[in-house]
$ cat upload_15.cif   # mmCIF, C-alpha atoms and all ligand atoms
data_model
#
loop_
_atom_site.label_atom_id
_atom_site.label_comp_id
_atom_site.auth_asym_id
_atom_site.auth_seq_id
_atom_site.Cartn_x
_atom_site.Cartn_y
_atom_site.Cartn_z
CA MET A 16 8.08 -21.86 175.94
CA LYS A 17 10.62 -21.10 178.64
CA SER A 18 11.15 -17.56 179.87
CA GLY A 19 13.31 -16.29 182.71
CA THR A 20 16.17 -14.21 184.02
CA ALA A 21 19.67 -15.37 184.91
CA VAL A 22 22.05 -13.03 186.73
CA ILE A 23 25.80 -13.38 186.29
CA ILE A 24 27.74 -12.41 189.41
CA GLY A 25 31.32 -12.81 190.57
CA ARG A 26 34.58 -11.13 191.44
CA PRO A 27 35.99 -8.51 189.07
CA ASN A 28 37.75 -9.86 185.97
CA SER A 29 36.28 -13.36 186.17
CA GLY A 30 34.80 -13.07 182.65
CA LYS A 31 31.16 -12.16 183.30
CA SER A 32 30.87 -9.65 180.47
CA THR A 33 32.66 -11.97 178.06
CA LEU A 34 30.04 -14.61 178.86
CA LEU A 35 27.15 -12.18 178.50
CA ASN A 36 28.33 -11.19 175.04
CA ALA A 37 28.80 -14.83 174.02
CA LEU A 38 25.29 -15.75 175.17
CA ALA A 39 23.67 -12.66 173.65
CA GLY A 40 25.53 -13.33 170.40
CA GLN A 41 26.61 -9.71 170.19
CA LYS A 42 28.82 -7.31 172.11
CA VAL A 43 26.63 -5.40 174.55
CA SER A 44 28.95 -5.21 177.56
CA ILE A 45 32.52 -3.97 177.43
CA VAL A 46 35.43 -6.22 178.35
CA SER A 47 38.96 -5.41 179.50
CA SER A 48 41.90 -6.99 181.26
CA LYS A 49 41.47 -4.46 184.11
CA PRO A 50 39.26 -5.41 187.09
CA GLN A 51 36.11 -3.35 187.73
CA THR A 52 35.39 -2.77 184.06
CA THR A 53 31.61 -3.14 184.31
CA ARG A 54 29.91 -0.44 186.38
CA HIS A 55 26.26 -0.94 185.38
CA ARG A 56 23.65 -3.61 185.07
CA ILE A 57 23.64 -4.68 181.42
CA ILE A 58 21.18 -7.13 179.98
CA GLY A 59 21.71 -9.41 177.00
CA VAL A 60 18.70 -11.28 175.61
CA MET A 61 18.99 -14.76 174.13
CA ASN A 62 16.17 -16.05 171.92
CA GLU A 63 15.87 -19.68 170.91
CA THR A 64 13.07 -21.96 169.80
CA ARG A 65 13.13 -23.26 173.39
CA GLY A 66 12.34 -19.80 174.74
CA GLN A 67 13.88 -16.53 175.87
CA ILE A 68 16.47 -15.96 178.57
CA VAL A 69 17.42 -12.52 179.84
CA PHE A 70 21.00 -12.55 181.08
CA VAL A 71 22.09 -9.79 183.43
CA ASP A 72 25.73 -8.75 183.64
CA THR A 73 26.70 -7.02 186.89
CA PRO A 74 29.73 -5.16 188.29
CA GLY A 75 32.39 -7.39 189.86
CA VAL A 76 31.94 -7.77 193.61
CA HIS A 77 34.70 -5.91 195.49
CA LYS A 78 35.17 -3.93 198.68
CA PRO A 79 33.70 -0.49 197.97
CA GLY A 80 35.99 2.47 198.68
CA TYR A 81 34.07 5.25 196.95
CA ARG A 82 30.39 6.12 196.52
CA MET A 83 30.66 4.83 192.97
CA ASN A 84 31.78 1.41 194.21
CA GLN A 85 29.04 1.33 196.86
CA ARG A 86 26.52 1.98 194.10
CA MET A 87 28.08 -0.76 192.00
CA LEU A 88 27.70 -3.27 194.83
CA GLY A 89 24.15 -1.99 195.37
CA THR A 90 23.43 -2.80 191.73
CA VAL A 91 24.55 -6.39 192.24
CA TYR A 92 22.32 -6.87 195.30
CA GLU A 93 19.38 -5.29 193.47
CA GLN A 94 19.72 -7.64 190.50
CA LEU A 95 19.69 -10.73 192.70
CA ARG A 96 16.16 -10.06 193.91
CA GLY A 97 13.51 -12.31 192.41
CA VAL A 98 15.85 -13.85 189.87
CA ASP A 99 15.23 -17.32 188.38
CA LEU A 100 18.85 -18.44 188.30
CA VAL A 101 22.19 -17.17 189.63
CA LEU A 102 25.36 -17.84 187.64
CA HIS A 103 28.31 -17.43 189.99
CA MET A 104 31.37 -17.06 187.83
CA VAL A 105 34.93 -17.58 189.00
CA ASP A 106 38.32 -17.49 187.33
CA ALA A 107 39.37 -21.15 187.62
CA GLY A 108 43.02 -20.11 187.80
CA ILE A 109 42.57 -18.16 191.03
CA PRO A 110 42.59 -20.10 194.32
CA PHE A 111 39.53 -19.84 196.57
CA GLY A 112 39.80 -16.99 199.09
CA ALA A 113 37.93 -14.51 201.26
CA GLY A 114 36.71 -12.46 198.29
CA GLU A 115 35.18 -15.50 196.64
CA ASN A 116 33.65 -16.58 199.92
CA PHE A 117 31.89 -13.22 200.15
CA VAL A 118 30.25 -13.83 196.76
CA LEU A 119 29.37 -17.36 197.82
CA GLU A 120 27.50 -16.01 200.84
CA MET A 121 25.62 -13.59 198.59
CA VAL A 122 24.59 -16.49 196.37
CA LYS A 123 23.37 -18.55 199.33
CA LYS A 124 21.24 -15.68 200.60
CA THR A 125 19.35 -15.29 197.32
CA GLY A 126 17.65 -18.65 197.76
CA ALA A 127 17.44 -19.00 193.97
CA PRO A 128 18.94 -21.99 192.13
CA ALA A 129 22.60 -21.32 191.38
CA PHE A 130 25.30 -22.65 189.05
CA LEU A 131 29.01 -22.29 189.64
CA LEU A 132 30.90 -21.52 186.44
CA LEU A 133 34.63 -22.22 186.50
CA ASN A 134 35.76 -19.96 183.70
CA LYS A 135 38.97 -19.61 181.66
CA ILE A 136 39.58 -23.36 181.45
CA ASP A 137 41.41 -22.71 178.17
CA ALA A 138 44.15 -21.06 180.22
CA ILE A 139 44.69 -23.56 183.05
CA ALA A 140 46.05 -27.11 183.41
CA LYS A 141 43.15 -29.57 183.49
CA GLN A 142 44.36 -31.23 186.72
CA ARG A 143 43.65 -28.01 188.60
CA LEU A 144 39.95 -28.25 187.80
CA LEU A 145 39.05 -31.16 190.05
CA PRO A 146 40.21 -29.58 193.34
CA ALA A 147 38.39 -26.37 192.41
CA MET A 148 35.18 -28.29 191.61
CA ASP A 149 35.53 -30.09 194.95
CA ARG A 150 35.95 -26.84 196.86
CA TYR A 151 32.81 -25.29 195.43
CA GLY A 152 30.93 -28.56 195.76
CA GLN A 153 31.47 -28.34 199.53
CA ALA A 154 29.49 -25.11 199.57
CA GLY A 155 26.42 -27.27 198.94
CA CYS A 156 24.47 -24.53 197.19
CA PHE A 157 25.11 -25.21 193.51
CA MET A 158 22.79 -27.23 191.29
CA GLU A 159 25.56 -27.48 188.68
CA ILE A 160 29.29 -26.89 188.65
CA LEU A 161 30.47 -26.36 185.09
CA PRO A 162 33.94 -25.72 183.72
CA ILE A 163 33.66 -23.34 180.77
CA SER A 164 35.56 -20.94 178.60
CA ALA A 165 33.57 -17.81 177.84
CA ALA A 166 36.34 -16.74 175.46
CA THR A 167 36.59 -19.89 173.32
CA GLY A 168 32.98 -21.02 173.79
CA GLU A 169 33.95 -24.37 175.32
CA ASN A 170 30.99 -25.98 177.14
CA LEU A 171 28.65 -23.08 176.43
CA ASP A 172 26.20 -25.37 174.59
CA LEU A 173 26.03 -27.53 177.69
CA LEU A 174 25.57 -24.43 179.83
CA ARG A 175 22.65 -23.26 177.66
CA ASP A 176 21.00 -26.68 177.95
CA ARG A 177 21.33 -26.69 181.75
CA ILE A 178 20.06 -23.12 182.05
CA PHE A 179 16.90 -23.93 180.08
CA GLU A 180 16.20 -26.84 182.44
CA TYR A 181 15.95 -24.44 185.36
CA MET A 182 13.89 -21.76 183.63
CA PRO A 183 10.16 -21.46 184.29
CA GLU A 184 7.55 -21.69 181.56
CA GLY A 185 6.30 -18.36 180.35
CA GLU A 186 5.90 -15.72 177.68
CA PRO A 187 9.01 -13.80 176.51
CA GLN A 188 9.71 -10.56 178.41
CA TYR A 189 11.06 -8.71 175.37
CA GLY A 190 10.43 -8.55 171.64
CA GLU A 191 12.57 -10.90 169.59
CA ASP A 192 14.77 -8.26 167.98
CA LEU A 193 15.87 -6.65 171.25
CA VAL A 194 19.36 -7.64 172.38
CA THR A 195 19.81 -5.11 175.19
CA ASP A 196 17.68 -2.42 176.82
CA ARG A 197 20.52 0.11 176.88
CA THR A 198 20.38 3.04 174.48
CA GLU A 199 22.90 3.57 171.70
CA ARG A 200 23.93 6.73 173.53
CA PHE A 201 24.80 4.72 176.63
CA LEU A 202 26.61 2.01 174.65
CA ALA A 203 28.62 4.70 172.83
CA GLY A 204 29.95 5.95 176.18
CA GLU A 205 30.85 2.42 177.19
CA PHE A 206 32.61 1.62 173.91
CA ILE A 207 34.74 4.75 174.35
CA ARG A 208 35.50 3.79 177.96
CA GLU A 209 36.65 0.34 176.83
CA LYS A 210 39.31 1.91 174.62
CA LEU A 211 40.32 4.14 177.51
CA LEU A 212 40.71 1.17 179.88
CA GLU A 213 42.94 -0.65 177.41
CA ARG A 214 45.34 2.27 177.32
CA LEU A 215 45.44 3.44 180.91
CA ARG A 216 47.46 2.06 183.81
CA GLU A 217 47.51 2.01 187.60
CA GLU A 218 44.84 4.20 189.21
CA LEU A 219 43.65 5.86 186.00
CA PRO A 220 41.22 3.18 184.76
CA TYR A 221 39.32 3.54 188.02
CA ALA A 222 39.55 7.32 188.14
CA SER A 223 38.12 7.88 184.66
CA ALA A 224 34.64 7.94 183.18
CA VAL A 225 33.01 8.93 179.90
CA MET A 226 30.15 11.40 179.73
CA ILE A 227 28.28 11.73 176.43
CA ARG A 228 27.55 15.44 175.87
CA ARG A 229 25.84 15.17 172.53
CA PHE A 230 24.40 12.32 170.49
CA ASP A 231 23.05 13.95 167.37
CA GLU A 232 21.16 11.74 164.96
CA SER A 233 19.62 14.52 162.89
CA ARG A 234 21.77 13.62 159.88
CA ARG A 235 21.47 9.86 160.26
CA THR A 236 18.91 9.21 157.54
CA ASP A 237 20.02 11.71 154.90
CA ARG A 238 23.83 11.71 155.46
CA ASN A 239 24.29 8.37 157.28
CA LEU A 240 26.09 10.27 160.05
CA VAL A 241 25.85 10.44 163.85
CA VAL A 242 27.70 13.19 165.69
CA ILE A 243 28.94 12.32 169.17
CA ASP A 244 30.67 14.66 171.62
CA ALA A 245 32.02 13.07 174.77
CA ASP A 246 34.02 14.17 177.81
CA ILE A 247 36.57 11.89 179.37
CA LEU A 248 36.47 12.65 183.08
CA VAL A 249 39.52 12.29 185.30
CA GLU A 250 40.00 13.27 188.93
CA ARG A 251 43.10 15.43 188.80
CA ARG A 252 44.67 17.86 186.37
CA SER A 253 47.86 15.80 186.24
CA GLN A 254 45.79 12.87 184.92
CA GLN A 255 44.48 14.99 182.05
CA GLY A 256 47.97 15.12 180.58
CA ILE A 257 48.34 11.34 180.73
CA VAL A 258 45.10 10.76 178.84
CA LEU A 259 46.06 13.37 176.24
CA GLY A 260 49.59 11.97 175.81
CA ALA A 261 52.51 13.72 174.08
CA GLY A 262 51.15 16.04 171.42
CA ALA A 263 47.64 14.75 172.32
CA ARG A 264 48.56 11.57 170.43
CA THR A 265 47.09 9.13 172.97
CA LEU A 266 43.71 10.83 172.82
CA ARG A 267 43.79 10.99 169.03
CA ASP A 268 44.61 7.27 168.66
CA LEU A 269 41.98 6.37 171.21
CA GLY A 270 39.44 8.46 169.33
CA THR A 271 40.25 6.74 166.04
CA GLU A 272 39.84 3.27 167.56
CA ALA A 273 36.63 4.21 169.36
CA ARG A 274 35.16 5.78 166.23
CA ARG A 275 35.74 2.57 164.24
CA ASP A 276 33.92 0.52 166.88
CA LEU A 277 31.09 3.05 167.10
CA GLU A 278 30.62 3.01 163.33
CA GLN A 279 30.23 -0.75 163.51
CA LEU A 280 27.84 -0.50 166.45
CA LEU A 281 25.64 2.15 164.87
CA GLY A 282 25.99 1.01 161.27
CA CYS A 283 26.75 4.49 160.00
CA LYS A 284 29.52 7.09 159.87
CA VAL A 285 30.43 8.70 163.18
CA TYR A 286 31.97 12.05 163.95
CA LEU A 287 33.52 11.72 167.41
CA GLY A 288 34.68 14.75 169.39
CA LEU A 289 36.57 13.86 172.57
CA GLU A 290 37.65 16.21 175.35
CA VAL A 291 39.39 15.53 178.65
CA ARG A 292 37.98 17.26 181.71
CA THR A 293 38.84 17.22 185.41
CA ALA A 294 35.93 16.54 187.76
CA ARG A 295 37.40 16.53 191.26
CA ASN A 296 36.51 13.53 193.37
CA TRP A 297 33.73 12.57 190.93
CA ARG A 298 33.61 9.03 192.31
CA ASN A 299 32.07 10.47 195.49
CA ASP A 300 29.82 12.99 193.72
CA ASP A 301 26.24 11.69 193.81
CA ALA A 302 24.92 14.21 191.27
CA LEU A 303 27.58 13.25 188.77
CA LEU A 304 27.12 9.54 189.43
CA ASP A 305 23.41 10.05 188.70
CA GLN A 306 24.29 11.65 185.38
CA LEU A 307 26.48 8.66 184.57
CA GLU A 308 23.47 6.42 185.41
CA LEU A 309 25.71 4.71 187.92
CA GLY A 310 23.61 2.56 190.24
CA SER A 311 21.07 3.73 192.74
N1 LIG A 401 41.77 -17.01 178.75
C1 LIG A 401 40.52 -16.56 178.98
N2 LIG A 401 40.34 -15.26 179.23
C2 LIG A 401 39.08 -14.84 179.45
C3 LIG A 401 37.96 -15.72 179.43
N3 LIG A 401 36.85 -15.00 179.70
C4 LIG A 401 37.27 -13.73 179.89
N4 LIG A 401 38.59 -13.62 179.74
C5 LIG A 401 39.42 -12.42 179.86
O1 LIG A 401 39.36 -11.98 181.21
C6 LIG A 401 39.40 -10.55 181.27
C7 LIG A 401 38.19 -10.04 182.02
O2 LIG A 401 37.02 -10.32 181.28
P1 LIG A 401 35.65 -9.55 181.55
O3 LIG A 401 34.60 -10.25 180.77
O4 LIG A 401 35.82 -8.10 181.35
O5 LIG A 401 35.47 -9.86 183.11
P2 LIG A 401 34.32 -9.32 184.10
O6 LIG A 401 34.05 -10.42 185.06
O7 LIG A 401 33.17 -8.80 183.34
O8 LIG A 401 35.09 -8.16 184.85
P3 LIG A 401 34.46 -6.87 185.64
O9 LIG A 401 33.52 -6.18 184.72
O10 LIG A 401 35.66 -6.06 185.96
O11 LIG A 401 33.80 -7.42 186.87
C8 LIG A 401 39.46 -10.06 179.83
O12 LIG A 401 40.81 -9.82 179.51
C9 LIG A 401 38.90 -11.24 179.05
O13 LIG A 401 39.38 -11.29 177.72
C10 LIG A 401 38.21 -17.10 179.12
O14 LIG A 401 37.33 -17.94 179.05
N5 LIG A 401 39.51 -17.45 178.92
MG MG A 402 32.36 -6.97 183.28
#

$ encode --input "upload_15.cif" --output "structure tokens"
Amino acid sequence: MKSGTAVIIGRPNSGKSTLLNALAGQKVSIVSSKPQTTRHRIIGVMNETRGQIVFVDTPGVHKPGYRMNQRMLGTVYEQLRGVDLVLHMVDAGIPFGAGENFVLEMVKKTGAPAFLLLNKIDAIAKQRLLPAMDRYGQAGCFMEILPISAATGENLDLLRDRIFEYMPEGEPQYGEDLVTDRTERFLAGEFIREKLLERLREELPYASAVMIRRFDESRRTDRNLVVIDADILVERRSQQGIVLGAGARTLRDLGTEARRDLEQLLGCKVYLGLEVRTARNWRNDDALLDQLELGS
């Protein structure tokens, strides 16, 4: 039996979380069209007759401006230690540049075998692939360079086969029914944040967070109900109004959408109470970042 860990790293928005969910066969990491969606390390476990692979999704690598972003980058570095395989993911439609080179250097320093995944091939002209494959080939540090589409699933079977080739023999790290090590409480906060990201623009996606205040399961067995109270944090009072929307309609619609997703996630009815709260400069507030389990 094979058993090992593969870490997915790359620039924000390259499709890392989409790939994690595809490989885990279930949504464990939130996805959005906005860069810097993922803020935590999220694992997704894949079990096959060939063995078990633990995939690790990480925050997109970017220049950190706030404490939060420093912690996010810290998380990426931490996950690269002692890993069996690094999956460096890039958006094939974006030309190579300084940001990508920074990730490349990180990959080289790990010393672990690495694959380069050219993602989103469903969205680009095929003739653009060859020059991109050439460019990354020059780096000389990749065992495989694979064009894939995390969204459509193209070439993911091939990717799985290649990954297993590089995994060591061993016993599984987790029980077979575990898909992620994150709690339902944590995932609930993330699912709410995903809805928030879809609706917000400009600085707001980055300036907001979700804090679960209450996750009450006491009526789960007899009434099939979980009660969740969550605060949506923003940095300034003026942002509170934007999240609420006219007549609090934005917040209400967001709550409805999030509740539907949470009911699917938890497999029961959900009462969701959402409030918007200002937490000044929270992205630099270590105590608050600790509460949000944001990095080290
Ligand atoms: N067309 C296309 N879009 C994709 C593909 N994979 C991901 N996307 C889209 O790209 C956007 C970013 O996807 P994510 O999976 O959130 O990217 P990420 O790398 O995890 O981003 P961060 O968490 O911000 O670092 C989303 O809008 C996805 O739907 C793909 O194979 N093809
Ligand atoms: Mg992500």

$ closest_residue --input "upload_15.cif" --among "A:Arg175, A:His103, A:Arg150, A:Lys78" --to "Pro128 (chain A)" --atoms "all atoms listed in the file"
A:His103

$ closest_residue --input "upload_15.cif" --among "A:Pro27, A:Gly152, A:Gly80, A:Pro187" --to "ligand MG 402 (chain A)" --atoms "all atoms listed in the file"
A:Pro27

$ residues_near_ligand --input "upload_15.cif" --ligand "ligand LIG 401 (chain A)" --cutoff "6 Å" --atoms "all atoms listed in the file" --output "number ranges by chain"
A: 26-33, 46-48, 50-53, 74-75, 134-135, 137-138, 164-166

$ closest_residue --input "upload_15.cif" --among "A:Leu240, A:Ile23, A:Ala203, A:Met83" --to "Tyr221 (chain A)" --atoms "all atoms listed in the file"
A:Met83

$ residues_around --input "upload_15.cif" --residues "region 294-310 of chain A" --least-positions-apart "5" --cutoff "7 Å" --atoms "only C-alpha atoms" --output "JSON, numbers by chain"
{"A": [54, 55, 81, 82, 83, 86, 87, 89, 90, 226, 248, 249, 250, 251]}

$ residues_around --input "upload_15.cif" --residues "Gly59 (chain A)" --least-positions-apart "4" --cutoff "8 Å" --atoms "only C-alpha atoms" --output "short mmCIF file (atom, residue, chain, number, x, y, z; two decimals) with C-alpha atoms, in the frame of the given file"
data_model
loop_
_atom_site.label_atom_id
_atom_site.label_comp_id
_atom_site.auth_asym_id
_atom_site.auth_seq_id
_atom_site.Cartn_x
_atom_site.Cartn_y
_atom_site.Cartn_z
CA LEU A 35 27.15 -12.18 178.50
CA ASN A 36 28.33 -11.19 175.04
CA LEU A 38 25.29 -15.75 175.17
CA ALA A 39 23.67 -12.66 173.65
CA VAL A 43 26.63 -5.40 174.55
CA VAL A 69 17.42 -12.52 179.84
CA PHE A 70 21.00 -12.55 181.08
CA VAL A 71 22.09 -9.79 183.43
CA ASP A 72 25.73 -8.75 183.64
CA VAL A 194 19.36 -7.64 172.38
CA THR A 195 19.81 -5.11 175.19
#

$ closest_residue --input "upload_15.cif" --among "A:Leu287, A:Gln41, A:Ala140, A:Ile163" --to "Arg275 (chain A)" --atoms "all atoms listed in the file"
A:Leu287

$ closest_residue --input "upload_15.cif" --among "A:Thr73, A:Asn84, A:Thr293, A:Gln279" --to "Ile247 (chain A)" --atoms "only C-alpha atoms"
A:Thr293

$ axis_aligned_box --input "upload_15.cif" --around "region 168-183 of chain A" --padding-each-side "6 Å" --output "AutoDock Vina command-line options"
--center_x 22.1 --center_y -24.3 --center_z 179.6 --size_x 35.8 --size_y 18.5 --size_z 23.6

$ closest_residue --input "upload_15.cif" --among "A:Cys156, A:Asp176, A:Glu209, A:Gly97" --to "ligand MG 402 (chain A)" --atoms "only C-alpha atoms and all ligand atoms"
A:Glu209

$ atom_distance --input "upload_15.cif" --atom1 "CA of Pro79 (chain A)" --atom2 "CA of Ile160 (chain A)"
28.3 Å
